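Enquirer: input-v5.tsv is reproduced in full below (TSV, C-alpha atoms and all ligand atoms).
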```tsv
chain	number	residue	atom	x	y	z
A	11	MET	CA	135.40	65.23	96.86
A	12	VAL	CA	132.22	66.98	95.81
A	13	GLU	CA	131.07	67.00	99.42
A	14	GLU	CA	134.35	68.60	100.47
A	15	LYS	CA	133.90	71.47	98.04
A	16	THR	CA	130.33	72.26	99.08
A	17	PRO	CA	129.49	70.20	102.12
A	18	GLY	CA	125.76	69.70	102.44
A	19	VAL	CA	124.15	70.45	105.78
A	20	PRO	CA	121.76	67.62	106.69
A	21	TYR	CA	119.11	68.52	109.23
A	22	ASP	CA	116.48	65.89	108.83
A	23	ALA	CA	118.09	62.62	109.85
A	24	GLU	CA	115.72	61.94	112.77
A	25	HIS	CA	112.59	62.64	110.77
A	26	ARG	CA	113.88	60.54	107.91
A	27	ARG	CA	114.44	57.58	110.25
A	28	SER	CA	110.94	57.97	111.66
A	29	LEU	CA	109.51	57.71	108.14
A	30	GLY	CA	111.52	54.59	107.40
A	31	GLY	CA	112.87	55.98	104.13
A	32	SER	CA	110.85	53.64	101.93
A	33	GLU	CA	108.16	55.87	100.39
A	34	ALA	CA	108.33	57.05	96.76
A	35	THR	CA	109.84	60.52	96.48
A	36	ALA	CA	110.53	63.30	94.01
A	37	LEU	CA	113.55	65.57	94.36
A	38	GLY	CA	113.13	69.30	94.77
A	39	VAL	CA	115.93	71.80	94.15
A	40	ASP	CA	115.31	75.28	95.55
A	41	VAL	CA	117.81	77.59	93.85
A	42	GLY	CA	118.08	80.73	95.99
A	43	GLY	CA	120.34	83.75	95.75
A	44	THR	CA	122.73	82.55	98.47
A	45	LYS	CA	122.04	78.84	98.95
A	46	ILE	CA	120.66	75.77	97.24
A	47	LEU	CA	118.32	73.49	99.16
A	48	VAL	CA	117.95	69.97	97.77
A	49	GLY	CA	115.42	67.55	99.24
A	50	ALA	CA	113.39	64.39	98.75
A	51	VAL	CA	109.64	64.89	99.16
A	52	THR	CA	106.80	62.35	99.19
A	53	LYS	CA	103.55	62.75	97.27
A	54	ALA	CA	101.88	63.85	100.52
A	55	GLY	CA	104.38	66.72	100.86
A	56	GLU	CA	106.56	65.15	103.60
A	57	VAL	CA	110.18	66.21	103.38
A	58	VAL	CA	112.08	62.95	103.91
A	59	GLU	CA	115.57	64.45	103.63
A	60	ALA	CA	116.92	67.92	102.89
A	61	ARG	CA	120.41	69.38	102.59
A	62	ARG	CA	121.70	72.88	102.06
A	63	TYR	CA	124.52	73.68	99.65
A	64	ARG	CA	126.49	76.82	98.98
A	65	MET	CA	125.68	78.98	95.95
A	66	ASP	CA	128.64	80.62	94.20
A	67	ARG	CA	127.03	83.42	92.22
A	68	SER	CA	130.20	85.06	90.92
A	69	THR	CA	129.39	84.17	87.29
A	70	GLN	CA	126.71	82.37	85.27
A	71	GLU	CA	129.02	79.39	84.86
A	72	LEU	CA	129.73	79.11	88.62
A	73	THR	CA	126.03	79.53	89.44
A	74	LEU	CA	125.20	76.55	87.18
A	75	SER	CA	128.14	74.58	88.49
A	76	SER	CA	126.88	75.15	92.08
A	77	ILE	CA	123.49	73.67	91.11
A	78	ARG	CA	125.08	70.65	89.42
A	79	THR	CA	127.38	70.05	92.42
A	80	ALA	CA	124.51	70.35	94.92
A	81	VAL	CA	122.35	67.80	93.07
A	82	GLU	CA	125.30	65.45	92.60
A	83	GLY	CA	126.22	65.79	96.29
A	84	PHE	CA	122.66	65.09	97.44
A	85	MET	CA	122.13	62.09	95.18
A	86	GLY	CA	125.50	60.70	96.23
A	87	ALA	CA	124.76	61.10	99.95
A	88	TRP	CA	121.12	60.03	99.91
A	89	ALA	CA	120.29	56.74	98.30
A	90	ASP	CA	117.40	55.20	100.26
A	91	THR	CA	115.05	55.01	97.31
A	92	ALA	CA	115.35	56.05	93.69
A	93	PRO	CA	113.51	59.37	93.22
A	94	LEU	CA	110.95	59.44	90.41
A	95	ALA	CA	111.64	62.91	89.01
A	96	LEU	CA	113.38	66.20	89.77
A	97	GLY	CA	111.86	69.69	90.00
A	98	LEU	CA	113.84	72.94	90.08
A	99	GLY	CA	112.53	76.25	91.40
A	100	VAL	CA	114.73	79.16	90.27
A	101	VAL	CA	114.59	82.92	90.70
A	102	GLY	CA	113.71	84.93	87.60
A	103	GLN	CA	111.99	84.09	84.33
A	104	THR	CA	111.54	80.56	83.00
A	105	LYS	CA	109.93	78.73	80.09
A	106	PRO	CA	108.77	75.55	81.83
A	107	ALA	CA	107.65	73.74	78.65
A	108	ALA	CA	111.14	74.13	77.16
A	109	GLY	CA	112.96	73.53	80.47
A	110	LEU	CA	114.57	76.94	79.96
A	111	TRP	CA	115.89	79.35	82.60
A	112	VAL	CA	115.56	82.60	80.64
A	113	GLN	CA	117.04	85.25	82.96
A	114	ALA	CA	117.34	86.33	86.59
A	115	MET	CA	117.79	89.65	88.36
A	116	ASN	CA	119.33	88.39	91.63
A	117	LEU	CA	121.61	85.78	90.04
A	118	PRO	CA	123.96	86.27	87.04
A	119	ILE	CA	121.84	84.43	84.45
A	120	HIS	CA	122.36	86.66	81.44
A	121	SER	CA	121.67	84.22	78.60
A	122	PRO	CA	118.99	81.47	78.52
A	123	VAL	CA	120.08	78.14	80.01
A	124	PRO	CA	118.50	74.76	79.04
A	125	LEU	CA	118.64	73.74	82.71
A	126	GLY	CA	115.97	71.03	82.39
A	127	ARG	CA	117.93	69.24	79.67
A	128	LEU	CA	121.28	69.67	81.49
A	129	MET	CA	119.90	68.22	84.73
A	130	ARG	CA	118.16	65.37	82.93
A	131	LYS	CA	121.48	64.47	81.31
A	132	GLN	CA	123.25	64.62	84.67
A	133	THR	CA	120.69	62.68	86.76
A	134	GLY	CA	118.87	60.45	84.26
A	135	LEU	CA	115.59	61.67	85.82
A	136	PRO	CA	112.73	63.59	84.21
A	137	CYS	CA	113.48	67.24	85.13
A	138	VAL	CA	111.05	70.16	85.22
A	139	LEU	CA	111.62	73.75	86.24
A	140	ASP	CA	109.72	76.94	87.00
A	141	ASN	CA	110.09	80.26	88.76
A	142	ASP	CA	110.55	79.65	92.51
A	143	VAL	CA	107.52	81.68	93.64
A	144	HIS	CA	105.29	80.05	91.01
A	145	ALA	CA	106.56	76.71	92.33
A	146	ALA	CA	105.84	77.65	95.98
A	147	THR	CA	102.35	78.78	94.91
A	148	LEU	CA	101.74	75.40	93.25
A	149	ALA	CA	102.81	73.78	96.56
A	150	GLU	CA	100.19	75.95	98.29
A	151	LEU	CA	97.62	74.73	95.77
A	152	ARG	CA	98.54	71.06	96.29
A	153	TRP	CA	99.44	70.89	99.99
A	154	GLY	CA	98.40	74.21	101.58
A	155	ILE	CA	95.68	76.85	101.36
A	156	GLY	CA	94.55	75.56	97.93
A	157	LYS	CA	92.90	72.61	99.66
A	158	GLU	CA	90.33	75.09	101.06
A	159	TYR	CA	90.28	78.07	98.67
A	160	LYS	CA	90.37	78.39	94.88
A	161	ASP	CA	91.10	82.15	94.80
A	162	PHE	CA	94.14	83.20	96.79
A	163	ILE	CA	97.42	85.07	96.65
A	164	TYR	CA	100.68	83.61	97.93
A	165	LEU	CA	102.99	86.38	99.08
A	166	ASN	CA	106.71	85.72	99.47
A	167	ILE	CA	108.74	88.39	101.26
A	168	GLY	CA	112.39	87.58	101.75
A	169	THR	CA	115.48	88.91	100.02
A	170	GLY	CA	113.02	90.00	97.30
A	171	LEU	CA	109.26	90.22	97.08
A	172	ALA	CA	106.88	88.37	94.76
A	173	ALA	CA	103.36	87.02	94.65
A	174	GLY	CA	101.76	83.92	93.19
A	175	LEU	CA	98.26	84.69	91.93
A	176	VAL	CA	95.70	81.89	91.93
A	177	SER	CA	92.34	82.42	90.25
A	178	ASN	CA	89.69	79.68	90.12
A	179	GLY	CA	92.27	77.08	91.18
A	180	GLN	CA	94.75	78.04	88.42
A	181	LEU	CA	98.09	79.81	88.74
A	182	VAL	CA	98.04	83.04	86.71
A	183	ARG	CA	101.22	82.88	84.57
A	184	GLY	CA	100.91	85.79	82.13
A	185	ALA	CA	102.07	86.00	78.51
A	186	ALA	CA	105.77	85.46	79.37
A	187	ASN	CA	105.31	83.31	82.52
A	188	TYR	CA	106.24	86.42	84.47
A	189	ALA	CA	103.02	87.32	86.31
A	190	GLY	CA	103.25	88.15	90.01
A	191	GLU	CA	106.25	90.50	90.22
A	192	LEU	CA	104.57	92.38	93.04
A	193	GLY	CA	107.90	93.77	94.25
A	194	HIS	CA	107.98	96.05	91.24
A	195	MET	CA	104.51	97.50	91.67
A	196	LEU	CA	104.95	101.28	91.78
A	197	VAL	CA	103.83	102.56	95.18
A	198	ASP	CA	106.11	105.57	95.72
A	199	PRO	CA	106.65	107.48	92.44
A	200	GLY	CA	110.10	109.09	92.43
A	201	GLY	CA	111.14	106.99	95.46
A	202	SER	CA	114.24	104.83	95.99
A	203	LEU	CA	116.03	103.29	93.03
A	204	CYS	CA	115.17	99.61	92.62
A	205	PRO	CA	117.56	96.98	91.16
A	206	CYS	CA	115.10	96.71	88.23
A	207	GLY	CA	116.07	100.26	87.20
A	208	GLN	CA	112.79	101.99	88.17
A	209	ARG	CA	112.15	104.31	91.08
A	210	GLY	CA	109.39	103.83	93.65
A	211	CYS	CA	108.92	100.03	93.54
A	212	LEU	CA	107.56	98.18	96.56
A	213	GLU	CA	110.61	95.91	96.91
A	214	PRO	CA	113.20	98.48	98.13
A	215	ILE	CA	110.71	99.46	100.86
A	216	CYS	CA	109.56	96.02	102.08
A	217	SER	CA	112.23	93.42	101.33
A	218	GLY	CA	114.82	92.35	103.93
A	219	ASP	CA	117.67	94.03	102.04
A	220	GLY	CA	115.56	97.13	101.45
A	221	ILE	CA	114.74	97.52	105.15
A	222	LEU	CA	118.42	97.34	106.11
A	223	ALA	CA	119.27	99.94	103.43
A	224	GLN	CA	116.65	102.28	104.92
A	225	VAL	CA	118.23	101.86	108.38
A	226	ARG	CA	121.63	102.74	106.92
A	227	GLU	CA	120.25	105.92	105.31
A	228	GLY	CA	118.09	106.86	108.30
A	229	LEU	CA	120.93	106.78	110.82
A	230	ILE	CA	122.07	110.16	109.44
A	231	ASP	CA	118.87	111.69	110.87
A	232	TYR	CA	118.66	109.36	113.91
A	233	PRO	CA	122.25	108.72	115.10
A	234	ASP	CA	121.00	107.63	118.57
A	235	SER	CA	118.72	104.89	117.22
A	236	ILE	CA	119.01	101.51	118.97
A	237	LEU	CA	119.44	100.04	115.46
A	238	CYS	CA	122.87	101.68	115.16
A	239	GLU	CA	124.83	99.01	117.04
A	240	PRO	CA	123.35	95.85	115.48
A	241	LEU	CA	123.72	97.46	112.04
A	242	ARG	CA	127.40	98.14	112.70
A	243	ASP	CA	127.85	94.57	114.00
A	244	GLU	CA	126.05	93.26	110.89
A	245	THR	CA	123.58	91.33	113.07
A	246	LEU	CA	120.54	93.46	112.33
A	247	THR	CA	117.47	91.72	110.86
A	248	ALA	CA	114.20	93.14	109.58
A	249	SER	CA	112.38	91.55	112.53
A	250	GLN	CA	114.59	93.52	114.96
A	251	VAL	CA	113.61	96.70	113.16
A	252	PHE	CA	109.90	95.86	113.66
A	253	GLN	CA	110.52	95.01	117.32
A	254	ALA	CA	112.43	98.27	117.85
A	255	ALA	CA	109.41	100.09	116.44
A	256	GLU	CA	107.21	98.37	119.04
A	257	ALA	CA	109.69	99.60	121.67
A	258	GLY	CA	109.31	103.18	120.42
A	259	ASP	CA	112.56	103.74	118.49
A	260	PRO	CA	111.77	106.70	116.16
A	261	LEU	CA	113.82	105.47	113.17
A	262	ALA	CA	112.39	101.94	113.43
A	263	MET	CA	108.88	103.44	113.72
A	264	ARG	CA	109.43	105.55	110.60
A	265	ILE	CA	110.64	102.57	108.55
A	266	THR	CA	107.95	100.20	109.85
A	267	SER	CA	105.22	102.71	109.14
A	268	LYS	CA	106.50	103.08	105.56
A	269	VAL	CA	106.54	99.28	105.15
A	270	VAL	CA	102.96	98.97	106.44
A	271	GLN	CA	101.75	101.84	104.25
A	272	ALA	CA	103.44	100.59	101.06
A	273	LEU	CA	102.48	96.95	101.55
A	274	SER	CA	98.87	97.73	102.37
A	275	THR	CA	98.60	100.02	99.31
A	276	ALA	CA	99.94	97.28	97.02
A	277	LEU	CA	97.80	94.55	98.55
A	278	THR	CA	94.63	96.67	98.53
A	279	ASN	CA	95.21	97.19	94.78
A	280	LEU	CA	95.68	93.44	94.34
A	281	VAL	CA	92.53	92.61	96.31
A	282	ASN	CA	90.50	95.07	94.23
A	283	LEU	CA	92.02	93.65	91.03
A	284	LEU	CA	91.81	89.91	91.72
A	285	ASN	CA	89.11	89.50	94.38
A	286	PRO	CA	90.93	86.76	96.35
A	287	ALA	CA	89.38	85.01	99.37
A	288	VAL	CA	92.65	85.06	101.27
A	289	ILE	CA	96.32	86.09	101.10
A	290	VAL	CA	98.86	83.69	102.64
A	291	TYR	CA	102.42	84.70	103.25
A	292	GLY	CA	105.79	83.10	103.76
A	293	GLY	CA	109.43	84.12	103.50
A	294	GLY	CA	112.17	85.16	105.87
A	295	VAL	CA	111.17	88.73	106.69
A	296	LEU	CA	107.62	87.90	107.69
A	297	LYS	CA	108.55	84.67	109.42
A	298	ASP	CA	110.88	86.68	111.65
A	299	ASN	CA	108.02	89.02	112.39
A	300	ARG	CA	105.70	86.36	113.79
A	301	PRO	CA	106.84	86.62	117.43
A	302	VAL	CA	105.76	90.26	117.46
A	303	GLY	CA	102.23	88.87	117.91
A	304	THR	CA	98.89	90.59	117.64
A	305	SER	CA	100.35	94.05	117.17
A	306	GLY	CA	102.61	92.65	114.40
A	307	LEU	CA	103.15	94.10	111.00
A	308	MET	CA	100.95	91.79	108.95
A	309	GLU	CA	98.00	92.26	111.29
A	310	LYS	CA	98.25	96.02	110.66
A	311	VAL	CA	98.52	95.49	106.90
A	312	SER	CA	95.59	93.06	106.97
A	313	GLY	CA	93.47	95.58	108.88
A	314	LEU	CA	94.22	98.35	106.37
A	315	VAL	CA	93.50	96.13	103.35
A	316	SER	CA	90.20	95.00	104.87
A	317	ALA	CA	89.28	98.62	105.62
A	318	ASN	CA	90.28	100.11	102.26
A	319	ALA	CA	89.33	97.52	99.62
A	320	LEU	CA	86.11	97.95	97.65
A	321	VAL	CA	83.05	96.80	99.58
A	322	ALA	CA	82.26	93.68	97.50
A	323	ALA	CA	85.94	92.62	97.40
A	324	ARG	CA	86.28	93.33	101.12
A	325	ARG	CA	83.22	91.20	102.00
A	326	ALA	CA	84.69	88.18	100.20
A	327	PHE	CA	88.18	88.76	101.68
A	328	ILE	CA	88.90	86.77	104.84
A	329	GLY	CA	92.33	88.17	105.66
A	330	ILE	CA	96.09	87.76	105.47
A	331	TRP	CA	97.43	84.61	107.14
A	332	PRO	CA	100.83	82.98	107.55
A	333	SER	CA	101.17	79.94	105.30
A	334	HIS	CA	100.81	76.56	107.01
A	335	LEU	CA	103.73	75.29	104.95
A	336	ASP	CA	107.15	75.53	106.64
A	337	PRO	CA	108.55	78.91	105.46
A	338	ASP	CA	112.10	77.51	105.41
A	339	ARG	CA	110.94	74.86	102.97
A	340	ALA	CA	108.34	76.63	100.85
A	341	GLY	CA	110.81	76.80	97.94
A	342	LEU	CA	111.85	73.16	98.32
A	343	LEU	CA	108.24	71.97	98.52
A	344	GLY	CA	107.47	74.09	95.47
A	345	ALA	CA	110.29	72.56	93.46
A	346	ALA	CA	109.26	69.03	94.46
A	347	CYS	CA	105.64	69.91	93.67
A	348	LEU	CA	106.69	70.66	90.06
A	349	ALA	CA	108.03	67.11	89.83
A	350	TRP	CA	104.87	65.62	91.38
A	351	ASP	CA	102.63	67.66	89.05
A	352	TYR	CA	104.67	66.31	86.12
A	353	LEU	CA	104.40	62.73	87.37
A	354	GLU	CA	100.67	63.05	88.00
A	355	LYS	CA	100.07	64.28	84.44
A	356	ARG	CA	101.75	61.08	83.31
A	357	GLY	CA	99.64	58.91	85.59
A	358	ARG	CA	102.28	58.17	88.25
A	401	ZN	ZN	111.64	97.43	90.77
```
Let me see the structure of the file written as structure tokens.
Expert:
Amino acid sequence: MVEEKTPGVPYDAEHRRSLGGSEATALGVDVGGTKILVGAVTKAGEVVEARRYRMDRSTQELTLSSIRTAVEGFMGAWADTAPLALGLGVVGQTKPAAGLWVQAMNLPIHSPVPLGRLMRKQTGLPCVLDNDVHAATLAELRWGIGKEYKDFIYLNIGTGLAAGLVSNGQLVRGAANYAGELGHMLVDPGGSLCPCGQRGCLEPICSGDGILAQVREGLIDYPDSILCEPLRDETLTASQVFQAAEAGDPLAMRITSKVVQALSTALTNLVNLLNPAVIVYGGGVLKDNRPVGTSGLMEKVSGLVSANALVAARRAFIGIWPSHLDPDRAGLLGAACLAWDYLEKRGR
């Protein structure tokens, strides 16, 4: 019934069998703009089982109903062990202590939702929530780069763009738990209009959606670009744009150069401001870019940041690396990490 409406897509059956399915787990719910990923994760950060569910973002009510249905579907289909708690990572602003989802830009959350309380009522489990990038940064602290470094930045470039800032082993949250909105750093005054209402933000230049929009606009000046056909067929990805730049396509080169320039400007400012040891990145756009190799986009950005940051900040800065955590599961691990952090505080 529920499964028929939004059938989950299991992709971890083999791995789950190899683990034996007996270890204690917490559930993570990664609420994205187009899909919901629900999974069971051990205290060591092993994903025992994960399923994808459809997100209907037509209205606030349907968005919430999609989350409820996904969790219900997962808990109905997966019953090896009773999970200990549930963590939710959501886009936008949250008040974790109150379990409140305050608002979101990429999903229609217009009035605050007591999502923690609603999910606790539905599942009977302790439920905690936070912003999805904050959650992924906490996963980096627990299971990733945080094991080696206490001062780092986690950069997530996908549909949108955000950063998790970690200083002296602590996530920087800000006065309204809204620190890290790197995508709205002004890097091009008077530039393209951003969904936030400002002009010149980083996000319309560097995000996946933003790159495709620049191709659409640029084809007026470059009608012979090799990007024309995949754009028309709706198969074009940001990584193809970067690869076309490597192959010498003038439009792709123009866009890629703008991405490198804008991203390195923003990150140089961040390095001067926060003095991190390292920046790690994840997210769809950059993951796609990995096969480009040593001449890839992030290597160029890393080189510019290292060259342009202040001398003392530059000396302490090791570079920009891909995260060791699976980029497809950074959000899920983050959400589950919220639950494990909660359990740990209570001595579990
Ligand atoms: Zn903006």
Enquirer: For ligand ZN 401 (chain A), list the contacting residues at 6 Å or closer, counting all atoms listed in the file, as number ranges by chain.
Expert: A: 194, 204-206, 208, 211
Enquirer: Rounded to one decimal place, report the atom CA of Asn141 of chain A-atom CA of Met65 of chain A distance in Å.
Expert: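 For atom CA of Asn141 of chain A relative to atom CA of Met65 of chain A, the distance reads 17.2 Å.
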Enquirer: Name the closest residue to Arg130 of chain A among the candidates A:Ala60, A:Leu98, A:Met195, A:Ala319; distances are taken between atoms, counting all atoms listed in the file.
Expert: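 Using all atoms listed in the file, Arg130 of chain A sits closest to A:Leu98.
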Enquirer: Let me make sure I understand: among A:Gly220, A:Gly258, A:Gln113, A:Leu181, which one has the smallest atom-to-atom distance to Ala149 of chain A if we use all atoms listed in the file?
Expert: A:Leu181
Enquirer: So which residues touch Ala276 of chain A within 9 Å, counting all atoms listed in the file, skipping near sequence neighbours fewer than 6 positions away, as a list in words?
Expert: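 Using all atoms listed in the file, the neighbours found are Leu192, Met195, Leu196, Val197 and Leu212 of chain A.
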